[in-house]
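model.pdb, holding PDB, C-alpha atoms (C1' of nucleotides):
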MODEL        1
ATOM      1  CA  MET A   1      -2.270 -53.825 -12.996
ATOM      2  CA  ASN A   2       1.009 -55.624 -12.464
ATOM      3  CA  ARG A   3       1.667 -59.286 -12.100
ATOM      4  CA  GLN A   4       1.632 -59.220  -8.342
ATOM      5  CA  GLU A   5      -1.692 -57.432  -8.204
ATOM      6  CA  ILE A   6      -3.184 -60.007 -10.508
ATOM      7  CA  LEU A   7      -1.849 -62.814  -8.369
ATOM      8  CA  ASN A   8      -3.455 -61.220  -5.347
ATOM      9  CA  LYS A   9      -6.727 -60.860  -7.184
ATOM     10  CA  PHE A  10      -6.646 -64.546  -8.031
ATOM     11  CA  LYS A  11      -5.724 -65.613  -4.551
ATOM     12  CA  GLU A  12      -8.439 -63.440  -3.095
ATOM     13  CA  LYS A  13     -11.013 -65.326  -5.141
ATOM     14  CA  GLY A  14      -9.450 -68.691  -4.595
ATOM     15  CA  LEU A  15      -8.389 -69.152  -8.194
ATOM     16  CA  ARG A  16      -5.481 -71.422  -8.862
ATOM     17  CA  VAL A  17      -2.804 -69.620 -10.852
ATOM     18  CA  THR A  18      -1.959 -71.112 -14.224
ATOM     19  CA  PRO A  19      -0.108 -69.592 -17.163
ATOM     20  CA  GLN A  20      -3.310 -69.794 -19.226
ATOM     21  CA  ARG A  21      -5.312 -67.783 -16.753
ATOM     22  CA  LEU A  22      -2.602 -65.272 -16.188
ATOM     23  CA  THR A  23      -2.023 -64.679 -19.863
ATOM     24  CA  LEU A  24      -5.706 -64.546 -20.557
ATOM     25  CA  PHE A  25      -6.202 -61.959 -17.884
ATOM     26  CA  MET A  26      -3.414 -59.808 -19.216
ATOM     27  CA  LYS A  27      -4.649 -60.128 -22.769
ATOM     28  CA  LEU A  28      -8.071 -58.990 -21.709
ATOM     29  CA  ALA A  29      -6.657 -55.918 -20.066
ATOM     30  CA  GLU A  30      -4.566 -55.221 -23.114
ATOM     31  CA  MET A  31      -7.369 -55.706 -25.641
ATOM     32  CA  LYS A  32      -9.787 -53.442 -23.810
ATOM     33  CA  GLY A  33     -13.135 -53.426 -25.478
ATOM     34  CA  HIS A  34     -15.824 -55.858 -26.503
ATOM     35  CA  ILE A  35     -14.156 -59.078 -27.381
ATOM     36  CA  LYS A  36     -15.402 -62.295 -28.879
ATOM     37  CA  ALA A  37     -14.165 -65.528 -27.372
ATOM     38  CA  GLU A  38     -12.652 -66.557 -30.646
ATOM     39  CA  ASP A  39     -10.676 -63.369 -31.148
ATOM     40  CA  LEU A  40      -9.283 -63.756 -27.716
ATOM     41  CA  TYR A  41      -8.411 -67.351 -28.462
ATOM     42  CA  ASN A  42      -6.511 -66.325 -31.564
ATOM     43  CA  ALA A  43      -4.632 -63.652 -29.708
ATOM     44  CA  LEU A  44      -3.734 -66.098 -26.975
ATOM     45  CA  LYS A  45      -2.414 -68.711 -29.334
ATOM     46  CA  GLU A  46       0.437 -66.398 -30.158
ATOM     47  CA  GLU A  47       1.657 -66.656 -26.604
ATOM     48  CA  ILE A  48       0.512 -70.141 -25.699
ATOM     49  CA  PRO A  49       0.217 -72.069 -28.942
ATOM     50  CA  SER A  50      -1.220 -75.108 -27.231
ATOM     51  CA  ILE A  51      -4.084 -73.294 -25.538
ATOM     52  CA  SER A  52      -7.499 -74.619 -26.385
ATOM     53  CA  ILE A  53     -10.724 -72.812 -26.994
ATOM     54  CA  SER A  54     -12.348 -74.747 -24.161
ATOM     55  CA  THR A  55      -9.921 -73.222 -21.747
ATOM     56  CA  VAL A  56     -10.790 -69.805 -23.058
ATOM     57  CA  TYR A  57     -14.482 -70.370 -22.510
ATOM     58  CA  ARG A  58     -14.001 -71.948 -19.132
ATOM     59  CA  THR A  59     -11.746 -69.172 -17.974
ATOM     60  CA  LEU A  60     -14.044 -66.479 -19.265
ATOM     61  CA  LYS A  61     -16.875 -68.044 -17.353
ATOM     62  CA  GLU A  62     -14.743 -68.253 -14.255
ATOM     63  CA  PHE A  63     -13.695 -64.634 -14.568
ATOM     64  CA  GLU A  64     -17.204 -63.451 -15.043
ATOM     65  CA  SER A  65     -18.388 -65.278 -11.980
ATOM     66  CA  LYS A  66     -15.650 -63.545 -10.030
ATOM     67  CA  GLY A  67     -16.672 -60.190 -11.402
ATOM     68  CA  PHE A  68     -13.501 -59.574 -13.408
ATOM     69  CA  ILE A  69     -15.338 -59.199 -16.692
ATOM     70  CA  TYR A  70     -18.843 -58.822 -17.930
ATOM     71  CA  SER A  71     -20.716 -60.560 -20.729
ATOM     72  CA  LEU A  72     -22.963 -58.738 -23.134
ATOM     73  CA  PRO A  73     -25.066 -60.036 -25.989
ATOM     74  CA  SER A  74     -23.624 -59.029 -29.295
ATOM     75  CA  SER A  75     -25.890 -56.424 -30.742
ATOM     76  CA  THR A  76     -25.434 -57.919 -34.170
ATOM     77  CA  ASP A  77     -25.901 -61.629 -33.766
ATOM     78  CA  TYR A  78     -27.984 -63.522 -31.347
ATOM     79  CA  GLY A  79     -26.136 -66.387 -29.792
ATOM     80  CA  LEU A  80     -22.860 -64.584 -29.825
ATOM     81  CA  THR A  81     -21.505 -63.336 -26.556
ATOM     82  CA  VAL A  82     -19.143 -60.455 -26.303
ATOM     83  CA  PHE A  83     -16.968 -59.980 -23.262
ATOM     84  CA  ASP A  84     -16.451 -56.562 -21.938
ATOM     85  CA  THR A  85     -12.950 -56.348 -20.715
ATOM     86  CA  ASN A  86     -12.937 -52.787 -19.698
ATOM     87  CA  LEU A  87     -12.238 -53.348 -16.066
ATOM     88  CA  GLU A  88     -13.300 -49.878 -15.052
ATOM     89  CA  PRO A  89     -16.959 -49.502 -14.183
ATOM     90  CA  HIS A  90     -18.798 -47.971 -17.114
ATOM     91  CA  HIS A  91     -22.001 -48.129 -19.108
ATOM     92  CA  HIS A  92     -23.085 -48.961 -22.637
ATOM     93  CA  PHE A  93     -24.845 -47.287 -25.460
ATOM     94  CA  ILE A  94     -25.894 -49.553 -28.298
ATOM     95  CA  CYS A  95     -26.927 -48.030 -31.579
ATOM     96  CA  LEU A  96     -29.984 -49.676 -33.048
ATOM     97  CA  ARG A  97     -28.991 -48.689 -36.524
ATOM     98  CA  CYS A  98     -25.256 -49.274 -36.909
ATOM     99  CA  GLU A  99     -25.184 -51.747 -34.007
ATOM    100  CA  LYS A 100     -22.000 -50.399 -32.508
ATOM    101  CA  ILE A 101     -21.470 -50.661 -28.781
ATOM    102  CA  TYR A 102     -20.154 -47.480 -27.233
ATOM    103  CA  ASP A 103     -18.715 -47.279 -23.755
ATOM    104  CA  VAL A 104     -20.156 -44.548 -21.626
ATOM    105  CA  PRO A 105     -17.971 -43.295 -18.789
ATOM    106  CA  GLU A 106     -19.277 -43.954 -15.357
ATOM    107  CA  GLU A 107     -19.546 -40.290 -14.487
ATOM    108  CA  TYR A 108     -22.027 -39.617 -17.292
ATOM    109  CA  VAL A 109     -24.640 -41.630 -15.505
ATOM    110  CA  GLU A 110     -25.913 -41.211 -12.029
ATOM    111  CA  ILE A 111     -27.807 -44.120 -10.533
ATOM    112  CA  LYS A 112     -29.675 -44.452  -7.309
ATOM    113  CA  VAL A 113     -31.070 -47.809  -6.385
ATOM    114  CA  LYS A 114     -33.449 -48.488  -3.557
ATOM    115  CA  ASN A 115     -35.381 -51.389  -2.117
ATOM    116  CA  ILE A 116     -33.047 -54.072  -3.378
ATOM    117  CA  GLN A 117     -32.747 -56.914  -0.903
ATOM    118  CA  GLY A 118     -29.754 -58.671  -2.411
ATOM    119  CA  SER A 119     -26.212 -57.381  -2.394
ATOM    120  CA  ILE A 120     -25.132 -55.683  -5.571
ATOM    121  CA  GLN A 121     -21.632 -56.402  -6.763
ATOM    122  CA  TYR A 122     -21.717 -54.130  -9.767
ATOM    123  CA  GLU A 123     -24.150 -52.523 -12.124
ATOM    124  CA  THR A 124     -24.138 -51.248 -15.659
ATOM    125  CA  VAL A 125     -26.621 -49.273 -17.669
ATOM    126  CA  ILE A 126     -27.446 -50.365 -21.183
ATOM    127  CA  MET A 127     -28.961 -47.685 -23.349
ATOM    128  CA  LYS A 128     -30.275 -48.284 -26.817
ATOM    129  CA  GLY A 129     -31.049 -45.674 -29.397
ATOM    130  CA  LEU A 130     -29.402 -43.956 -32.311
ATOM    131  CA  CYS A 131     -25.840 -42.803 -32.027
ATOM    132  CA  GLU A 132     -25.007 -39.306 -33.089
ATOM    133  CA  SER A 133     -23.863 -40.153 -36.547
ATOM    134  CA  CYS A 134     -26.840 -42.390 -37.265
ATOM    135  CA  LYS A 135     -29.201 -39.831 -35.850
ATOM    136  CA  ASN A 136     -27.960 -37.350 -38.401
ATOM    137  CA  LYS A 137     -28.084 -39.813 -41.246
ATOM    138  CA  LYS A 138     -31.557 -40.899 -40.332
ATOM    139  CA  LYS A 139     -33.515 -38.626 -42.602
ATOM    140  CA  LYS A 140     -31.478 -39.442 -45.627
ATOM    141  CA  VAL A 141     -32.292 -43.136 -45.496
ATOM    142  CA  SER A 142     -35.829 -44.289 -46.234
TER     143      SER A 142
ATOM    144  CA  MET B   1     -53.071 -54.494 -25.216
ATOM    145  CA  ASN B   2     -55.940 -55.466 -27.466
ATOM    146  CA  ARG B   3     -55.872 -56.593 -31.022
ATOM    147  CA  GLN B   4     -56.527 -53.175 -32.446
ATOM    148  CA  GLU B   5     -53.742 -51.593 -30.473
ATOM    149  CA  ILE B   6     -51.347 -54.202 -31.718
ATOM    150  CA  LEU B   7     -52.425 -53.610 -35.285
ATOM    151  CA  ASN B   8     -51.749 -49.924 -34.817
ATOM    152  CA  LYS B   9     -48.362 -50.637 -33.351
ATOM    153  CA  PHE B  10     -47.509 -52.746 -36.378
ATOM    154  CA  LYS B  11     -48.783 -50.205 -38.857
ATOM    155  CA  GLU B  12     -46.907 -47.451 -37.107
ATOM    156  CA  LYS B  13     -43.671 -49.325 -37.658
ATOM    157  CA  GLY B  14     -44.549 -50.413 -41.151
ATOM    158  CA  LEU B  15     -44.841 -54.097 -40.288
ATOM    159  CA  ARG B  16     -47.041 -56.224 -42.448
ATOM    160  CA  VAL B  17     -49.617 -58.037 -40.357
ATOM    161  CA  THR B  18     -49.518 -61.820 -40.481
ATOM    162  CA  PRO B  19     -51.080 -64.388 -38.187
ATOM    163  CA  GLN B  20     -47.600 -65.507 -37.144
ATOM    164  CA  ARG B  21     -46.536 -62.068 -36.034
ATOM    165  CA  LEU B  22     -49.783 -61.341 -34.332
ATOM    166  CA  THR B  23     -49.800 -64.580 -32.407
ATOM    167  CA  LEU B  24     -46.180 -64.239 -31.525
ATOM    168  CA  PHE B  25     -46.716 -60.784 -30.170
ATOM    169  CA  MET B  26     -49.634 -61.918 -28.067
ATOM    170  CA  LYS B  27     -47.732 -64.918 -26.780
ATOM    171  CA  LEU B  28     -44.882 -62.687 -25.718
ATOM    172  CA  ALA B  29     -47.200 -60.476 -23.754
ATOM    173  CA  GLU B  30     -48.810 -63.504 -22.200
ATOM    174  CA  MET B  31     -45.571 -65.249 -21.272
ATOM    175  CA  LYS B  32     -44.089 -62.176 -19.617
ATOM    176  CA  GLY B  33     -40.563 -62.843 -18.497
ATOM    177  CA  HIS B  34     -37.308 -63.958 -19.969
ATOM    178  CA  ILE B  35     -38.054 -66.296 -22.780
ATOM    179  CA  LYS B  36     -35.881 -68.481 -24.931
ATOM    180  CA  ALA B  37     -36.614 -68.597 -28.622
ATOM    181  CA  GLU B  38     -37.249 -72.284 -28.457
ATOM    182  CA  ASP B  39     -39.757 -72.102 -25.632
ATOM    183  CA  LEU B  40     -41.620 -69.490 -27.541
ATOM    184  CA  TYR B  41     -41.529 -71.666 -30.611
ATOM    185  CA  ASN B  42     -43.017 -74.574 -28.694
ATOM    186  CA  ALA B  43     -45.746 -72.427 -27.254
ATOM    187  CA  LEU B  44     -46.570 -71.061 -30.679
ATOM    188  CA  LYS B  45     -46.833 -74.463 -32.285
ATOM    189  CA  GLU B  46     -49.929 -75.086 -30.222
ATOM    190  CA  GLU B  47     -51.694 -72.295 -32.008
ATOM    191  CA  ILE B  48     -50.002 -72.426 -35.390
ATOM    192  CA  PRO B  49     -48.695 -75.960 -35.821
ATOM    193  CA  SER B  50     -46.994 -75.131 -39.097
ATOM    194  CA  ILE B  51     -44.941 -72.255 -37.736
ATOM    195  CA  SER B  52     -41.213 -72.614 -38.154
ATOM    196  CA  ILE B  53     -38.377 -71.720 -35.859
ATOM    197  CA  SER B  54     -36.926 -69.441 -38.526
ATOM    198  CA  THR B  55     -40.030 -67.336 -38.401
ATOM    199  CA  VAL B  56     -39.691 -67.081 -34.673
ATOM    200  CA  TYR B  57     -36.126 -65.874 -34.911
ATOM    201  CA  ARG B  58     -36.853 -63.512 -37.750
ATOM    202  CA  THR B  59     -39.817 -62.043 -35.965
ATOM    203  CA  LEU B  60     -37.961 -61.680 -32.704
ATOM    204  CA  LYS B  61     -35.239 -59.807 -34.525
ATOM    205  CA  GLU B  62     -37.797 -57.628 -36.223
ATOM    206  CA  PHE B  63     -39.526 -56.883 -32.942
ATOM    207  CA  GLU B  64     -36.339 -56.011 -31.222
ATOM    208  CA  SER B  65     -35.348 -53.621 -33.931
ATOM    209  CA  LYS B  66     -38.706 -51.932 -33.505
ATOM    210  CA  GLY B  67     -38.190 -51.712 -29.775
ATOM    211  CA  PHE B  68     -41.043 -54.067 -28.853
ATOM    212  CA  ILE B  69     -38.782 -56.423 -26.947
ATOM    213  CA  TYR B  70     -35.291 -56.520 -25.612
ATOM    214  CA  SER B  71     -32.626 -59.177 -25.798
ATOM    215  CA  LEU B  72     -30.434 -60.145 -22.884
ATOM    216  CA  PRO B  73     -27.647 -62.651 -22.593
ATOM    217  CA  SER B  74     -28.682 -65.644 -20.597
ATOM    218  CA  SER B  75     -26.822 -65.564 -17.342
ATOM    219  CA  THR B  76     -26.411 -69.310 -17.465
ATOM    220  CA  ASP B  77     -25.228 -70.119 -20.936
ATOM    221  CA  TYR B  78     -23.196 -68.058 -23.282
ATOM    222  CA  GLY B  79     -24.566 -68.071 -26.755
ATOM    223  CA  LEU B  80     -28.102 -68.232 -25.574
ATOM    224  CA  THR B  81     -30.200 -65.167 -25.968
ATOM    225  CA  VAL B  82     -33.162 -64.524 -23.775
ATOM    226  CA  PHE B  83     -35.892 -62.160 -24.830
ATOM    227  CA  ASP B  84     -37.367 -59.912 -22.300
ATOM    228  CA  THR B  85     -40.989 -59.548 -23.069
ATOM    229  CA  ASN B  86     -41.943 -57.391 -20.212
ATOM    230  CA  LEU B  87     -43.048 -54.424 -22.216
ATOM    231  CA  GLU B  88     -42.959 -52.063 -19.288
ATOM    232  CA  PRO B  89     -39.677 -50.283 -18.729
ATOM    233  CA  HIS B  90     -37.791 -51.995 -15.941
ATOM    234  CA  HIS B  91     -34.366 -53.113 -14.827
ATOM    235  CA  HIS B  92     -32.585 -56.363 -14.072
ATOM    236  CA  PHE B  93     -30.853 -57.968 -11.194
ATOM    237  CA  ILE B  94     -28.889 -61.084 -12.026
ATOM    238  CA  CYS B  95     -27.734 -63.340  -9.250
ATOM    239  CA  LEU B  96     -24.202 -64.543  -9.730
ATOM    240  CA  ARG B  97     -24.835 -67.625  -7.666
ATOM    241  CA  CYS B  98     -28.226 -69.014  -8.632
ATOM    242  CA  GLU B  99     -28.172 -67.214 -11.989
ATOM    243  CA  LYS B 100     -31.768 -66.104 -11.811
ATOM    244  CA  ILE B 101     -32.780 -62.911 -13.544
ATOM    245  CA  TYR B 102     -35.027 -60.734 -11.424
ATOM    246  CA  ASP B 103     -36.993 -57.825 -12.785
ATOM    247  CA  VAL B 104     -36.565 -54.616 -10.877
ATOM    248  CA  PRO B 105     -39.390 -52.093 -11.141
ATOM    249  CA  GLU B 106     -38.515 -48.905 -12.862
ATOM    250  CA  GLU B 107     -39.213 -46.800  -9.815
ATOM    251  CA  TYR B 108     -36.547 -48.540  -7.740
ATOM    252  CA  VAL B 109     -33.870 -47.009  -9.862
ATOM    253  CA  GLU B 110     -33.264 -43.404 -10.635
ATOM    254  CA  ILE B 111     -31.013 -42.606 -13.554
ATOM    255  CA  LYS B 112     -29.629 -39.361 -14.802
ATOM    256  CA  VAL B 113     -27.669 -39.370 -17.997
ATOM    257  CA  LYS B 114     -25.667 -36.469 -19.303
ATOM    258  CA  ASN B 115     -23.370 -35.709 -22.190
ATOM    259  CA  ILE B 116     -24.820 -38.317 -24.518
ATOM    260  CA  GLN B 117     -24.876 -37.087 -28.095
ATOM    261  CA  GLY B 118     -27.115 -39.751 -29.582
ATOM    262  CA  SER B 119     -30.813 -40.121 -28.962
ATOM    263  CA  ILE B 120     -31.744 -42.704 -26.382
ATOM    264  CA  GLN B 121     -34.749 -44.829 -27.142
ATOM    265  CA  TYR B 122     -34.699 -46.795 -23.931
ATOM    266  CA  GLU B 123     -32.362 -47.814 -21.189
ATOM    267  CA  THR B 124     -32.121 -50.578 -18.662
ATOM    268  CA  VAL B 125     -29.875 -51.140 -15.703
ATOM    269  CA  ILE B 126     -28.307 -54.520 -15.194
ATOM    270  CA  MET B 127     -27.127 -55.230 -11.710
ATOM    271  CA  LYS B 128     -25.190 -58.314 -10.731
ATOM    272  CA  GLY B 129     -24.636 -59.624  -7.263
ATOM    273  CA  LEU B 130     -26.163 -62.076  -4.855
ATOM    274  CA  CYS B 131     -29.888 -62.237  -4.463
ATOM    275  CA  GLU B 132     -31.347 -62.203  -1.005
ATOM    276  CA  SER B 133     -31.709 -65.921  -0.659
ATOM    277  CA  CYS B 134     -28.231 -66.677  -1.955
ATOM    278  CA  LYS B 135     -26.760 -63.974   0.213
ATOM    279  CA  ASN B 136     -28.132 -65.773   3.236
ATOM    280  CA  LYS B 137     -27.029 -69.171   2.065
ATOM    281  CA  LYS B 138     -23.573 -67.936   1.285
ATOM    282  CA  LYS B 139     -21.841 -68.876   4.472
ATOM    283  CA  LYS B 140     -23.119 -72.390   4.472
ATOM    284  CA  VAL B 141     -21.584 -73.224   1.141
ATOM    285  CA  SER B 142     -17.807 -73.161   0.994
TER     286      SER B 142
ATOM    287  C1'  DC C   1     -49.801 -57.388 -59.138
ATOM    288  C1'  DT C   2     -45.691 -57.068 -56.472
ATOM    289  C1'  DT C   3     -43.467 -57.085 -52.459
ATOM    290  C1'  DC C   4     -42.705 -59.237 -48.379
ATOM    291  C1'  DG C   5     -43.257 -63.233 -45.091
ATOM    292  C1'  DT C   6     -43.078 -68.165 -44.342
ATOM    293  C1'  DG C   7     -41.675 -73.021 -44.077
ATOM    294  C1'  DC C   8     -38.396 -76.277 -44.905
ATOM    295  C1'  DA C   9     -34.119 -78.225 -44.785
ATOM    296  C1'  DA C  10     -29.553 -77.604 -44.604
ATOM    297  C1'  DA C  11     -25.545 -75.160 -43.151
ATOM    298  C1'  DG C  12     -23.102 -72.222 -40.057
ATOM    299  C1'  DT C  13     -21.506 -70.549 -35.643
ATOM    300  C1'  DT C  14     -20.705 -70.594 -31.137
ATOM    301  C1'  DT C  15     -20.321 -73.005 -26.875
ATOM    302  C1'  DT C  16     -20.115 -77.077 -23.902
ATOM    303  C1'  DT C  17     -18.697 -81.763 -22.444
ATOM    304  C1'  DG C  18     -16.196 -86.168 -21.399
ATOM    305  C1'  DC C  19     -12.167 -88.010 -20.649
ATOM    306  C1'  DA C  20      -7.236 -88.773 -20.101
ATOM    307  C1'  DT C  21      -3.323 -86.289 -18.853
ATOM    308  C1'  DA C  22      -0.775 -82.681 -16.679
ATOM    309  C1'  DT C  23      -0.145 -79.263 -13.111
ATOM    310  C1'  DG C  24      -0.534 -76.231  -8.922
ATOM    311  C1'  DA C  25      -0.908 -75.849  -3.968
TER     312       DA C  25
ATOM    313  C1'  DT D   1      -0.560 -86.127  -2.948
ATOM    314  C1'  DC D   2      -4.838 -84.940  -4.799
ATOM    315  C1'  DA D   3      -8.013 -81.764  -6.269
ATOM    316  C1'  DT D   4      -8.317 -78.950 -10.123
ATOM    317  C1'  DA D   5      -7.089 -77.174 -14.866
ATOM    318  C1'  DT D   6      -6.074 -78.273 -19.536
ATOM    319  C1'  DG D   7      -6.263 -80.082 -24.367
ATOM    320  C1'  DC D   8      -8.478 -82.598 -27.621
ATOM    321  C1'  DA D   9     -12.093 -84.060 -30.256
ATOM    322  C1'  DA D  10     -16.616 -84.685 -30.594
ATOM    323  C1'  DA D  11     -21.257 -83.275 -29.580
ATOM    324  C1'  DA D  12     -24.616 -80.103 -28.544
ATOM    325  C1'  DA D  13     -26.994 -75.963 -28.742
ATOM    326  C1'  DC D  14     -28.442 -72.109 -30.964
ATOM    327  C1'  DT D  15     -29.146 -69.220 -35.012
ATOM    328  C1'  DT D  16     -29.053 -68.022 -39.856
ATOM    329  C1'  DT D  17     -29.707 -68.767 -44.849
ATOM    330  C1'  DG D  18     -31.384 -69.952 -49.615
ATOM    331  C1'  DC D  19     -35.025 -70.992 -52.056
ATOM    332  C1'  DA D  20     -39.741 -71.795 -53.682
ATOM    333  C1'  DC D  21     -44.245 -70.919 -52.480
ATOM    334  C1'  DG D  22     -47.956 -68.319 -50.344
ATOM    335  C1'  DA D  23     -50.090 -64.264 -48.454
ATOM    336  C1'  DA D  24     -50.684 -59.201 -47.546
ATOM    337  C1'  DG D  25     -51.367 -54.577 -49.106
TER     338       DG D  25
ENDMDL
END

Can you present the structure in this file as structure tokens?
Amino acid sequence: MNRQEILNKFKEKGLRVTPQRLTLFMKLAEMKGHIKAEDLYNALKEEIPSISISTVYRTLKEFESKGFIYSLPSSTDYGLTVFDTNLEPHHHFICLRCEKIYDVPEEYVEIKVKNIQGSIQYETVIMKGLCESCKNKKKKVS
Amino acid sequence: MNRQEILNKFKEKGLRVTPQRLTLFMKLAEMKGHIKAEDLYNALKEEIPSISISTVYRTLKEFESKGFIYSLPSSTDYGLTVFDTNLEPHHHFICLRCEKIYDVPEEYVEIKVKNIQGSIQYETVIMKGLCESCKNKKKKVS
DNA sequence: CTTCGTGCAAAGTTTTTGCATATGA
DNA sequence: TCATATGCAAAAACTTTGCACGAAG
């Protein structure tokens, strides 16, 4: 996504364009994955040394409410939010043993929803279980 | 679920039975919904005044790892985990405007998953959008 | 007995807020 | 202009930890 496309995206949602938001958005796209607010903050400081963590949180919240990103609970620690910056629709598999979060491509899952009265903006499937490598290890550990 | 069934569930997972765990489990079933650790703690104090918040957190973590409950990020506040105590499989619809979490019955959603190498223990769909009432209000509010 | 769970208090993390200033439209 | 975003610092909120004691199997 180039600069102009991002600007359009912002305008479309009525977001004022600031260097912080722009850089944050680009960083998210670049970091692809499940990012903690603080890691993002550290990465951003390299480009905008004066940026504050409050701005990061506020912007993240703003972006989520516009549907640009998605928040997930960390599988490891309660009270820690992880932001999924993979802007392509996709799903999640969380291993109950090693606690990794795996992205599952959209085409692996087929969903049909009926009877919902509201309007759905996007949807994601969260699966929990044992990932392949933990499944194989399972017998060896207690 | 009666007392005996709970005891079996515990034994099956190798959990030692204590009054705290038993009461907590029953409270969860009774409170059905999306519960914050602290609300649960307050409710529990009525039955076990000496119970501590650490026990609540530790037990919640234990229960989640055994698949008895499920943790979700609060849609309102980052860093706040909400425990879904609805023990029946079901899905979630989160309104981006009023931030309510609605349960969606399992039968409203049909999922087919392919190509997953791990073993799935359970899965839930999280949908985000506007709930019916917010969808209708939408035009009236800027 | 011996291992595991609990309570307490304290510490640790993560996130939010208020306010003055700066900036975008 | 003037409403909104930002930075800062401080507070709040939430969760985890260490340790000594108590309880379960």

Quiz item: If you count only C-alpha atoms (C1' of nucleotides), which residues fall within 6 Å of Gly79 of chain A, apart from same-chain ones fewer than 2 positions away, as a list in words?
Solution: Gly79, Leu80 and Thr81 of chain B

Exercise. Tell me the residues of chain C close to chain B, meaning within 8 Å using only C-alpha atoms (C1' of nucleotides), as a VMD selection string.
Key: chain C and resid 4 to 7 14 to 15

Exercise. Tell me, in Å to one decimal, how far atom CA of Val109 of chain B is from atom CA of Ala37 of chain B.
Key: 28.7 Å

Quiz item: Within 9 Å of segment 4-7 of chain A, counting only C-alpha atoms (C1' of nucleotides), which residues qualify if same-chain residues fewer than 4 places away don't, as a PyMOL selection string?
Solution: chain A and resi 11-12+17+22+25-26

I'd like a table as JSON lines: residues in chain D with an atom no more than 10 Å from chain B, each row giving the shortest atom pair and its distance in Å to one decimal, all atoms listed in the file counted, sorted by chain and rising residue number.
{"residue": "D:DA13", "atom": "C1'", "partner": "B:Leu80", "partner_atom": "CA", "distance": 8.4}
{"residue": "D:DC14", "atom": "C1'", "partner": "B:Leu80", "partner_atom": "CA", "distance": 6.6}
{"residue": "D:DT15", "atom": "C1'", "partner": "B:Tyr57", "partner_atom": "CA", "distance": 7.7}
{"residue": "D:DT16", "atom": "C1'", "partner": "B:Ser54", "partner_atom": "CA", "distance": 8.1}
{"residue": "D:DT17", "atom": "C1'", "partner": "B:Ser54", "partner_atom": "CA", "distance": 9.6}
{"residue": "D:DA23", "atom": "C1'", "partner": "B:Thr18", "partner_atom": "CA", "distance": 8.4}
{"residue": "D:DA24", "atom": "C1'", "partner": "B:Arg16", "partner_atom": "CA", "distance": 6.9}
{"residue": "D:DG25", "atom": "C1'", "partner": "B:Arg16", "partner_atom": "CA", "distance": 8.1}

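Minimum atom-to-atom distances from A:Lys27, A:Lys13, A:Lys66, A:Lys100 to chain B were compared using only C-alpha atoms, and the lowest value belongs to A:Lys66.
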
Practice problem: Compute the chain A side of the contact with chain B at 6 Å, counting all atoms listed in the file, and hand it back as a PyMOL selection string. | Solution: chain A and resi 73+79-81+108-114+117-132

Quiz item: Applied to this file, what does the PyMOL selection byres ((chain C and resi 23) around 8) return in terms of residues, put as a PyMOL selection string?
Solution: (chain C and resi 22+24) or (chain D and resi 5)

Deliver the residues from the most recent selection as a file, using C-alpha atoms (C1' of nucleotides), as a PDB file, in the frame of the given file.
ATOM      1  C1'  DA C  22      -0.775 -82.681 -16.679  1.00  0.00           C
ATOM      2  C1'  DG C  24      -0.534 -76.231  -8.922  1.00  0.00           C
TER       3       DG C  24
ATOM      4  C1'  DA D   5      -7.089 -77.174 -14.866  1.00  0.00           C
TER       5       DA D   5
END

Exercise. Between atom CA of Lys9 of chain A and atom CA of Leu44 of chain A, measure the distance and give it in Å to one decimal.
Key: 20.7 Å

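In this structure, atom CA of Leu28 of chain B sits 17.1 Å away from atom CA of Asn8 of chain B.
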
Quiz prompt | Target residues per the PyMOL selection byres ((chain C and resi 19) around 12), formatted as a ChimeraX atom specification | solution = /C:17-18,20-21 /D:6-10
